[in-house]
>>> print(open('entry.pdb').read())   # PDB, C-alpha atoms, pLDDT in the B column
ATOM      1  CA  MET A 172       8.262  11.170   2.110  1.00 57.00           C
ATOM      2  CA  LEU A 173       8.631   7.747   0.491  1.00 70.00           C
ATOM      3  CA  CYS A 174       4.931   7.204   0.909  1.00 82.00           C
ATOM      4  CA  ARG A 175       4.005  10.490  -0.719  1.00 84.00           C
ATOM      5  CA  GLU A 176       6.212   9.656  -3.683  1.00 83.00           C
ATOM      6  CA  GLN A 177       4.742   6.151  -3.918  1.00 87.00           C
ATOM      7  CA  ALA A 178       1.162   7.421  -3.710  1.00 92.00           C
ATOM      8  CA  THR A 179       1.867  10.077  -6.335  1.00 91.00           C
ATOM      9  CA  ARG A 180       3.367   7.533  -8.719  1.00 92.00           C
ATOM     10  CA  LEU A 181       0.308   5.329  -8.268  1.00 94.00           C
ATOM     11  CA  ARG A 182      -1.898   8.340  -9.006  1.00 95.00           C
ATOM     12  CA  ARG A 183      -0.133   8.880 -12.324  1.00 93.00           C
ATOM     13  CA  HIS A 184      -0.775   5.241 -13.261  1.00 94.00           C
ATOM     14  CA  HIS A 185      -4.279   4.971 -11.819  1.00 95.00           C
ATOM     15  CA  GLN A 186      -5.986   4.868 -15.191  1.00 96.00           C
ATOM     16  CA  GLU A 187      -3.947   1.802 -16.125  1.00 95.00           C
ATOM     17  CA  PHE A 188      -5.413  -0.038 -13.149  1.00 95.00           C
ATOM     18  CA  VAL A 189      -8.881   1.109 -14.188  1.00 94.00           C
ATOM     19  CA  ASN A 190      -8.314  -0.032 -17.760  1.00 93.00           C
ATOM     20  CA  ALA A 191      -7.130  -3.411 -16.474  1.00 92.00           C
ATOM     21  CA  GLY A 192     -10.308  -3.823 -14.444  1.00 92.00           C
ATOM     22  CA  VAL A 193      -8.403  -4.145 -11.207  1.00 94.00           C
ATOM     23  CA  GLY A 194      -9.075  -2.061  -8.144  1.00 94.00           C
ATOM     24  CA  LEU A 195      -6.292  -0.096  -6.503  1.00 95.00           C
ATOM     25  CA  VAL A 196      -6.394   0.294  -2.747  1.00 95.00           C
ATOM     26  CA  VAL A 197      -3.807   2.030  -0.609  1.00 96.00           C
ATOM     27  CA  ILE A 198      -3.505   1.393   3.118  1.00 96.00           C
ATOM     28  CA  GLY A 199      -1.536   3.384   5.641  1.00 94.00           C
ATOM     29  CA  GLN A 200      -1.174   3.628   9.359  1.00 92.00           C
ATOM     30  CA  GLY A 201      -3.516   6.169  10.824  1.00 89.00           C
ATOM     31  CA  ASP A 202      -7.102   7.019  11.567  1.00 92.00           C
ATOM     32  CA  ALA A 203      -9.805   8.632   9.446  1.00 93.00           C
ATOM     33  CA  THR A 204      -8.312  12.084   9.947  1.00 92.00           C
ATOM     34  CA  ALA A 205      -4.939  10.927   8.637  1.00 91.00           C
ATOM     35  CA  VAL A 206      -6.610   9.172   5.703  1.00 92.00           C
ATOM     36  CA  THR A 207      -8.509  12.289   4.713  1.00 93.00           C
ATOM     37  CA  ALA A 208      -5.501  14.571   5.070  1.00 91.00           C
ATOM     38  CA  PHE A 209      -3.256  12.296   3.007  1.00 91.00           C
ATOM     39  CA  GLN A 210      -5.825  11.753   0.272  1.00 92.00           C
ATOM     40  CA  ARG A 211      -6.656  15.438  -0.044  1.00 92.00           C
ATOM     41  CA  ALA A 212      -3.063  16.641   0.090  1.00 90.00           C
ATOM     42  CA  LEU A 213      -2.090  14.457  -2.845  1.00 92.00           C
ATOM     43  CA  ASP A 214      -5.433  14.548  -4.676  1.00 93.00           C
ATOM     44  CA  LEU A 215      -5.563  10.768  -4.864  1.00 95.00           C
ATOM     45  CA  PRO A 216      -8.285   9.303  -7.112  1.00 95.00           C
ATOM     46  CA  TYR A 217      -8.192   5.822  -5.577  1.00 95.00           C
ATOM     47  CA  PRO A 218      -9.464   4.602  -2.194  1.00 94.00           C
ATOM     48  CA  VAL A 219      -7.237   5.106   0.812  1.00 95.00           C
ATOM     49  CA  TYR A 220      -7.846   3.355   4.124  1.00 96.00           C
ATOM     50  CA  GLY A 221      -6.326   3.499   7.549  1.00 95.00           C
ATOM     51  CA  ASP A 222      -5.095   0.686   9.714  1.00 95.00           C
ATOM     52  CA  PRO A 223      -4.257   2.429  12.976  1.00 92.00           C
ATOM     53  CA  GLY A 224      -3.697  -0.800  14.899  1.00 92.00           C
ATOM     54  CA  ARG A 225      -1.722  -2.353  12.016  1.00 94.00           C
ATOM     55  CA  ALA A 226      -3.861  -5.503  12.139  1.00 94.00           C
ATOM     56  CA  ALA A 227      -3.939  -5.696   8.345  1.00 96.00           C
ATOM     57  CA  TYR A 228      -0.166  -5.193   8.170  1.00 96.00           C
ATOM     58  CA  ARG A 229       0.298  -8.115  10.556  1.00 96.00           C
ATOM     59  CA  ALA A 230      -2.247 -10.256   8.706  1.00 96.00           C
ATOM     60  CA  PHE A 231      -0.212  -9.787   5.542  1.00 97.00           C
ATOM     61  CA  GLY A 232       3.036 -10.571   7.314  1.00 96.00           C
ATOM     62  CA  LEU A 233       4.429  -7.060   7.061  1.00 96.00           C
ATOM     63  CA  SER A 234       6.745  -6.495   9.979  1.00 92.00           C
ATOM     64  CA  GLU A 235       8.825  -3.721  11.424  1.00 91.00           C
ATOM     65  CA  GLY A 236      12.178  -3.329   9.730  1.00 86.00           C
ATOM     66  CA  THR A 237      15.505  -3.826  11.411  1.00 87.00           C
ATOM     67  CA  VAL A 238      17.925  -0.931  11.667  1.00 86.00           C
ATOM     68  CA  ARG A 239      19.839  -2.485   8.793  1.00 86.00           C
ATOM     69  CA  GLN A 240      16.727  -2.709   6.612  1.00 82.00           C
ATOM     70  CA  LEU A 241      15.732   0.870   7.376  1.00 81.00           C
ATOM     71  CA  THR A 242      19.156   2.414   6.788  1.00 82.00           C
ATOM     72  CA  SER A 243      20.342   0.310   3.877  1.00 81.00           C
ATOM     73  CA  VAL A 244      21.865   1.911   0.821  1.00 76.00           C
ATOM     74  CA  ALA A 245      18.774   0.913  -1.129  1.00 77.00           C
ATOM     75  CA  THR A 246      16.529   2.624   1.410  1.00 76.00           C
ATOM     76  CA  LEU A 247      18.597   5.801   1.399  1.00 76.00           C
ATOM     77  CA  ALA A 248      18.566   5.767  -2.396  1.00 76.00           C
ATOM     78  CA  GLY A 249      14.785   5.559  -2.222  1.00 71.00           C
ATOM     79  CA  TYR A 250      14.683   8.630   0.001  1.00 68.00           C
ATOM     80  CA  ALA A 251      16.937  10.460  -2.441  1.00 73.00           C
ATOM     81  CA  ARG A 252      14.649   9.544  -5.304  1.00 75.00           C
ATOM     82  CA  ALA A 253      11.645  10.775  -3.335  1.00 66.00           C
ATOM     83  CA  VAL A 254      13.344  14.100  -2.617  1.00 70.00           C
ATOM     84  CA  LEU A 255      14.243  14.564  -6.265  1.00 73.00           C
ATOM     85  CA  SER A 256      10.686  13.739  -7.312  1.00 70.00           C
ATOM     86  CA  GLY A 257       9.432  16.726  -5.359  1.00 67.00           C
ATOM     87  CA  ALA A 258       6.876  14.609  -3.532  1.00 64.00           C
ATOM     88  CA  GLY A 259       7.298  16.729  -0.441  1.00 62.00           C
ATOM     89  CA  VAL A 260       7.148  15.959   3.241  1.00 60.00           C
ATOM     90  CA  SER A 261       4.387  15.981   5.808  1.00 62.00           C
ATOM     91  CA  LYS A 262       4.176  14.883   9.414  1.00 66.00           C
ATOM     92  CA  PRO A 263       4.160  11.084   9.300  1.00 66.00           C
ATOM     93  CA  SER A 264       1.679   9.013  11.257  1.00 71.00           C
ATOM     94  CA  GLY A 265       2.298   5.689  12.899  1.00 79.00           C
ATOM     95  CA  ASN A 266       5.322   3.534  13.426  1.00 84.00           C
ATOM     96  CA  GLY A 267       8.299   4.612  11.308  1.00 83.00           C
ATOM     97  CA  ARG A 268       9.812   1.151  11.418  1.00 89.00           C
ATOM     98  CA  GLN A 269       6.912  -0.437   9.546  1.00 93.00           C
ATOM     99  CA  LEU A 270       7.880  -2.028   6.238  1.00 93.00           C
ATOM    100  CA  PRO A 271       5.626  -1.640   3.191  1.00 94.00           C
ATOM    101  CA  GLY A 272       4.271  -4.282   0.840  1.00 96.00           C
ATOM    102  CA  ALA A 273       2.037  -4.881  -2.147  1.00 97.00           C
ATOM    103  CA  PHE A 274      -0.274  -7.715  -3.091  1.00 97.00           C
ATOM    104  CA  VAL A 275      -2.501  -8.497  -6.032  1.00 97.00           C
ATOM    105  CA  ILE A 276      -5.592 -10.440  -5.010  1.00 97.00           C
ATOM    106  CA  ASP A 277      -8.104 -11.825  -7.466  1.00 95.00           C
ATOM    107  CA  ARG A 278     -11.853 -11.585  -7.043  1.00 94.00           C
ATOM    108  CA  ASP A 279     -11.969 -14.986  -5.359  1.00 95.00           C
ATOM    109  CA  GLY A 280      -9.530 -13.845  -2.699  1.00 96.00           C
ATOM    110  CA  VAL A 281      -6.503 -15.737  -4.042  1.00 97.00           C
ATOM    111  CA  VAL A 282      -3.132 -13.981  -3.935  1.00 97.00           C
ATOM    112  CA  ARG A 283      -1.716 -13.549  -7.448  1.00 97.00           C
ATOM    113  CA  TYR A 284       1.303 -11.426  -6.559  1.00 97.00           C
ATOM    114  CA  SER A 285       3.032 -11.051  -3.224  1.00 98.00           C
ATOM    115  CA  HIS A 286       5.703  -8.506  -2.430  1.00 97.00           C
ATOM    116  CA  PRO A 287       6.524  -7.979   1.246  1.00 97.00           C
ATOM    117  CA  ALA A 288       9.305  -5.404   1.367  1.00 93.00           C
ATOM    118  CA  THR A 289      12.823  -6.444   2.283  1.00 90.00           C
ATOM    119  CA  HIS A 290      13.946  -2.900   3.089  1.00 87.00           C
ATOM    120  CA  GLY A 291      12.406   0.488   3.720  1.00 81.00           C
ATOM    121  CA  ALA A 292      12.175   1.568   0.098  1.00 84.00           C
ATOM    122  CA  ASP A 293      11.428  -1.819  -1.444  1.00 88.00           C
ATOM    123  CA  ILE A 294       8.394  -0.754  -3.415  1.00 87.00           C
ATOM    124  CA  PRO A 295       7.305  -2.366  -6.693  1.00 93.00           C
ATOM    125  CA  SER A 296       6.660   0.042  -9.534  1.00 92.00           C
ATOM    126  CA  PRO A 297       3.097   0.763 -10.653  1.00 93.00           C
ATOM    127  CA  GLU A 298       3.990  -0.814 -13.986  1.00 94.00           C
ATOM    128  CA  ARG A 299       4.998  -4.015 -12.210  1.00 94.00           C
ATOM    129  CA  LEU A 300       1.755  -4.064 -10.244  1.00 95.00           C
ATOM    130  CA  VAL A 301      -0.405  -3.556 -13.324  1.00 94.00           C
ATOM    131  CA  ALA A 302       1.486  -6.331 -15.120  1.00 94.00           C
ATOM    132  CA  ALA A 303       0.980  -8.630 -12.140  1.00 93.00           C
ATOM    133  CA  ALA A 304      -2.731  -7.897 -12.133  1.00 91.00           C
ATOM    134  CA  LEU A 305      -2.983  -8.748 -15.821  1.00 89.00           C
ATOM    135  CA  SER A 306      -0.939 -11.953 -15.683  1.00 87.00           C
TER
ATOM    136  CA  MET B  24       3.390 -14.238  10.733  1.00 75.00           C
ATOM    137  CA  THR B  25       4.557 -14.719   7.162  1.00 93.00           C
ATOM    138  CA  SER B  26       3.154 -13.005   4.114  1.00 96.00           C
ATOM    139  CA  PRO B  27       0.688 -14.911   1.967  1.00 96.00           C
ATOM    140  CA  ALA B  28       2.352 -16.456  -1.068  1.00 97.00           C
ATOM    141  CA  VAL B  29       1.011 -16.672  -4.592  1.00 97.00           C
ATOM    142  CA  GLY B  30      -1.886 -19.112  -4.587  1.00 97.00           C
ATOM    143  CA  ASP B  31      -2.697 -18.609  -0.911  1.00 98.00           C
ATOM    144  CA  ALA B  32      -6.001 -17.251   0.315  1.00 97.00           C
ATOM    145  CA  ALA B  33      -5.658 -13.591   1.191  1.00 97.00           C
ATOM    146  CA  PRO B  34      -6.284 -12.726   4.827  1.00 96.00           C
ATOM    147  CA  ASP B  35      -9.104 -10.382   5.687  1.00 94.00           C
ATOM    148  CA  ALA B  36      -8.913  -7.418   8.028  1.00 92.00           C
ATOM    149  CA  THR B  37     -10.975  -4.430   9.021  1.00 95.00           C
ATOM    150  CA  LEU B  38      -9.819  -1.020   7.872  1.00 96.00           C
ATOM    151  CA  ILE B  39     -10.961   2.524   8.601  1.00 95.00           C
ATOM    152  CA  GLY B  40     -12.360   4.659   5.810  1.00 92.00           C
ATOM    153  CA  ALA B  41     -12.147   8.413   5.434  1.00 89.00           C
ATOM    154  CA  ASP B  42     -15.634   8.597   6.932  1.00 92.00           C
ATOM    155  CA  GLY B  43     -14.411   6.817  10.044  1.00 92.00           C
ATOM    156  CA  GLY B  44     -16.455   3.721   9.344  1.00 94.00           C
ATOM    157  CA  PRO B  45     -15.117   0.179   9.242  1.00 95.00           C
ATOM    158  CA  ARG B  46     -14.472  -1.459   5.912  1.00 94.00           C
ATOM    159  CA  ALA B  47     -13.660  -5.114   5.290  1.00 95.00           C
ATOM    160  CA  LEU B  48     -10.582  -5.572   3.157  1.00 93.00           C
ATOM    161  CA  ARG B  49     -12.252  -8.561   1.511  1.00 94.00           C
ATOM    162  CA  GLY B  50     -14.899  -6.321   0.039  1.00 94.00           C
ATOM    163  CA  LEU B  51     -12.270  -4.349  -1.833  1.00 91.00           C
ATOM    164  CA  TRP B  52     -11.065  -7.206  -4.009  1.00 94.00           C
ATOM    165  CA  GLU B  53     -14.582  -8.514  -4.482  1.00 94.00           C
ATOM    166  CA  ALA B  54     -15.681  -5.174  -5.918  1.00 90.00           C
ATOM    167  CA  SER B  55     -13.628  -5.196  -9.134  1.00 89.00           C
ATOM    168  CA  PRO B  56     -13.766  -7.629 -12.054  1.00 88.00           C
ATOM    169  CA  ARG B  57     -10.100  -8.613 -11.664  1.00 91.00           C
ATOM    170  CA  GLY B  58      -9.770  -8.144  -7.945  1.00 95.00           C
ATOM    171  CA  ALA B  59      -7.568  -5.553  -6.340  1.00 96.00           C
ATOM    172  CA  THR B  60      -4.017  -4.414  -5.950  1.00 96.00           C
ATOM    173  CA  VAL B  61      -3.488  -3.707  -2.274  1.00 96.00           C
ATOM    174  CA  VAL B  62      -0.584  -1.426  -1.461  1.00 96.00           C
ATOM    175  CA  PHE B  63       0.596  -1.004   2.122  1.00 96.00           C
ATOM    176  CA  LEU B  64       2.500   2.221   2.664  1.00 94.00           C
ATOM    177  CA  ARG B  65       5.068   2.540   5.386  1.00 88.00           C
ATOM    178  CA  GLN B  66       3.201   5.522   6.820  1.00 77.00           C
ATOM    179  CA  PHE B  67       1.004   8.408   5.833  1.00 75.00           C
ATOM    180  CA  GLY B  68       3.481  11.207   5.458  1.00 65.00           C
TER
END
>>> encode(input="entry.pdb", output="structure tokens")
Amino acid sequence: MLCREQATRLRRHHQEFVNAGVGLVVIGQGDATAVTAFQRALDLPYPVYGDPGRAAYRAFGLSEGTVRQLTSVATLAGYARAVLSGAGVSKPSGNGRQLPGAFVIDRDGVVRYSHPATHGADIPSPERLVAAALS
Amino acid sequence: MTSPAVGDAAPDATLIGADGGPRALRGLWEASPRGATVVFLRQFG
């Protein structure tokens, strides 16, 4: 649910990433079937990739959340926001304890923005990500 | 493992595309003039 809302928000801001000359890539747990289903269901214009073994998650230091991180007030508020957005629900794939994250990486492979989540709904806004890419 | 900080070299990894083929993460930030914003979702769903 949170992921659908996040992906939909990124879709609405996709052109801003294009205008900034920065690629937008979304990664989720799951195989090619899950990638295709997610991308088609939400009509996402940007590339989506799967990381079924979570090797990329681990490489970027994104861990599983603790019970406290996954049930925090902030996380529950994020779920409430997702419900109100009408993003909808589908059968999730992968480990539900996985925490999200976002990174801006320049063309030389240097990290310019790093945001590993501190709770289950700790997701930077698209506006924040575009600004980070332009800074 | 800790997350890369600003100024660190980004780690590479192999992802799976919608076509089922492997795709190097590195190639994604090398493909755009200003690199890439890489967003990790919690899950698909």
>>> resolve_selection(input="entry.pdb", expression="the PyMOL selection byres ((chain A) within 6 of (chain B))", output="PyMOL selection string")
chain A and resi 172+174+192-200+203+206-207+220-222+227+231-232+261-264+269-278+280-285
>>> resolve_selection(input="entry.pdb", expression="the PyMOL selection byres ((chain A and resi 302) around 12)", output="list in words")
His184, Glu187, Phe188, Asn190, Ala191, Val193, Val275, Arg283, Tyr284, Pro295, Ser296, Pro297, Glu298, Arg299, Leu300, Val301, Ala303, Ala304, Leu305 and Ser306 of chain A; Thr60 of chain B
>>> atom_distance(input="entry.pdb", atom1="CA of His290 (chain A)", atom2="CA of Ala208 (chain A)")
26.2 Å
>>> atom_distance(input="entry.pdb", atom1="CA of Thr237 (chain A)", atom2="CA of Leu173 (chain A)")
17.3 Å
>>> atom_distance(input="entry.pdb", atom1="CA of Ala178 (chain A)", atom2="CA of His286 (chain A)")
16.6 Å
>>> axis_aligned_box(input="entry.pdb", around="region 64-67 of chain B", padding_each_side="6 Å", output="AutoDock Vina command-line options")
--center_x 3.0 --center_y 5.3 --center_z 4.7 --size_x 16.1 --size_y 18.2 --size_z 16.2
